[in-house]
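Working notes, structure below.
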Amino acid sequence: MTISNHEPGAPTSAVAAPTGIISTVQPEAGLPAASPPANKRLLPSLLVNSLMLFATYAGLIAILLPIQIATIDEGAKEANLAIVTTVSFVFTLFAQPIAGALSDRTRSRFGRRTPWMLAGAVVGAIFLFGIGSLREVLWITFFWTVIQVALNFVQAPLTTITADRFPRSKRGGASAMVGIGMQLGGLLGVVLAGQLGEQLGVGYAVFGVAVLVATALFVVFNTDWSSKHALVDPFSWKTFFAGFWINPRRHPDFGWAFAARFLLMLGYFVVATYSMYMLTDYIGMSLEAATDATVMLTLIAFVPTLIAIMLSGWWSDRIGRRKVFIYVASALMVVGFIMPLLMPNMTGMILMNVINGVGFGLYMSVDAALMTEVLPNEGGAAGKDLGILNIATNIPQAMSASVALLIISSLGGYAMLFVFAAVFVVIAALAIIPIKGVR
């Protein structure tokens, strides 16, 4: 496998086919790399692989990591969790765009995306096997950082599959399938992790095996076209790093889409990251009861969220509109964040999770489709550019623990988290308005 190759005498610049056009013929040597159009196996494969990947994220972030941190030092659990997640944030900041850029340039007989997905799954599984036995914050931070980077190298190429293999008119449905996998995975991950919370080593290992097996099956049943002899520009470090800056003046739709996703995700994850500690410190539950309640809240929100994901993706493709669904989703999420303020008890938490589940479900599949439609140069560097857009998810998720800790300690406790989240979701919805290339 190589990440740079140039045929003697061939032109030194090329772009991929426009993302709205999916070639049905494998390109000949000397032409830009391409991937085969979607077959009948691809949609269910996207569902399964997304399910396993996001089950791992959910189980680790919501249950296993907080329990592991709390059992080390109960009195410093918030600060220690912030340390672990913030350090991993620093190292994973550009993991997805780098993974996407490397896969865009990769030339191998297995295609562009497959080698990096498999490598990420193998490394992630190895470190998941080891993290459960650790009892020092320093080593947990190191292992967690490697795991996050590795899983990003699985997720980045997987995210690009929608732009690689589906025409623009079908991306709402494909994104909905990923969204369903995220929701099912979130449920499965939290339930499974809740059952394995007292066996951390086993819990982490189970998720490591799941990611590895799902990724291997995905690449076997959805083989990519060989990119071994495809055209690619000569590699240049200057050009490589310069490609990570996309001028918002030249590509304003891309800039507004990035800002909107960043703001909404920050608002959402500031609440979601400390959901278990909210149950213990805001509602007054024990750690054991909070673990069971986290599973219950996920189950309660599951069906309405799943319905919202399926309807929004299909309906968005049918009417050819994306933005209106994001406005509705944002309004619902604001209502959801208000519920625990009005009712600081388990009822308020239940209402928040159900309403936010519907809102986030509406948002997920439509936002993912919208992101593939604001890419510069008709998606000529889809892997890198979608990776950059995914920074708008990774940064807020990674920094949310630190932001939440600051709000809790300096601005009035857990109640202010809900106010912060509602305000940022409103601002995020306003950032969608200037986007002109998507209806």
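Order determines the names: the first chain of the structure tokens is A, the second B, and so forth; residues in each chain are numbered 1 upward, and ligands are numbered 1 upward as they are shown.
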DSSP helix (DSSP H, G or I) residues within segment 102-187 of chain A, as an NGL selection string:
:A and (102-105 or 114-131 or 137-165 or 168-187)
Find the residues of segment 164-273 of chain A that sit at most 6 Å from segment 104-112 of chain A; for each, write down the nearest two atoms and how far apart they are in Å, to one decimal. Count only C-alpha atoms. Sort by chain, then by number going up, and give it as JSON lines.
```
{"residue": "A:Asp224", "atom": "CA", "partner": "A:Gly111", "partner_atom": "CA", "distance": 5.2}
{"residue": "A:Trp225", "atom": "CA", "partner": "A:Gly111", "partner_atom": "CA", "distance": 5.3}
{"residue": "A:Ser226", "atom": "CA", "partner": "A:Arg109", "partner_atom": "CA", "distance": 4.2}
{"residue": "A:Ser227", "atom": "CA", "partner": "A:Arg107", "partner_atom": "CA", "distance": 4.8}
{"residue": "A:Lys228", "atom": "CA", "partner": "A:Ser108", "partner_atom": "CA", "distance": 4.2}
```
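The protein and nucleic acid residues lying at most 8 Å from Gly201 of chain A are Phe129, Gly130, Ile131, Gly132 and Ser133 of chain A, with only C-alpha atoms considered and sequence neighbours fewer than 5 positions away removed.
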Store the residues picked out above, limited to C-alpha atoms, as a PDB file, in the first residue's frame.
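Result written to part.pdb:
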```
ATOM      1  CA  PHE A 129      -8.010  -5.407  25.611  1.00  0.00           C
ATOM      2  CA  GLY A 130      -5.528  -3.666  27.923  1.00  0.00           C
ATOM      3  CA  ILE A 131      -7.258  -0.582  29.329  1.00  0.00           C
ATOM      4  CA  GLY A 132      -9.626  -2.374  31.705  1.00  0.00           C
ATOM      5  CA  SER A 133      -6.898  -3.486  34.100  1.00  0.00           C
TER       6      SER A 133
END
```
Find the residues of segment 111-216 of chain A that sit at most 7 Å from segment 46-50 of chain A; for each, write down the nearest two atoms and how far apart they are in Å, to one decimal. Count only C-alpha atoms. Sort by chain, then by number going up, and give it as CSV.
```
residue,atom,partner,partner_atom,distance
A:Met177,CA,A:Leu47,CA,5.5
A:Val178,CA,A:Leu47,CA,5.5
A:Ile180,CA,A:Leu47,CA,6.8
A:Gly181,CA,A:Leu47,CA,4.7
A:Met182,CA,A:Ser50,CA,5.9
A:Ala214,CA,A:Asn49,CA,5.4
A:Thr215,CA,A:Asn49,CA,6.3
```
What's the 8 Å shell around segment 142-157 of chain A, counting only C-alpha atoms, without same-chain residues fewer than 4 positions away, as a VMD selection string?
chain A and resid 53 84 87 to 89 91 to 92 95 to 97 99 to 100 103 113 to 114 116 to 121 123 to 125 127 to 128 130 to 131 138 161 215 383 386 to 387
Expressed in Å, the length from atom CA of Leu342 of chain A to atom CA of Thr273 of chain A is 20.9 Å
Name all residues at most 9 Å from Leu287 of chain A (count only C-alpha atoms; drop same-chain ones fewer than 6 positions away) and give them as a PyMOL selection string.
chain A and resi 67+276-277+279-280
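Of the residues listed (A:Ser400, A:Thr347, A:Thr291, A:Asn222), A:Asn222 shows the shortest atom-to-atom separation from Lys40 of chain A; distances use only C-alpha atoms.
With distances restricted to only C-alpha atoms, A:Leu184 is the closest residue to Thr305 of chain A from A:Ala260, A:Leu184, A:Ile388, A:Leu217.
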Atom CA of Asn80 of chain A sits from atom CA of Trp139 of chain A at a separation of 12.2 Å
Who sits within 12 Å of Arg249 of chain A, only C-alpha atoms, same chain under 6 positions skipped, as a PyMOL selection string:
chain A and resi 255-256+376
Please provide as a ChimeraX atom specification all residues within 9 Å of Pro252 of chain A, with the sequence filter that same-chain residues fewer than 2 positions apart are discarded (counting only C-alpha atoms).
/A:247-250,254-257,374,434-436
If I take atom CA of Val403 of chain A and atom CA of Val426 of chain A, how far is one from the other in Å, to one decimal?
18.1 Å
With only C-alpha atoms as the basis for distance, which of A:Ala308, A:Ile61, A:Ile98, A:Val438 is at the shortest distance from Gly194 of chain A?
A:Ile61
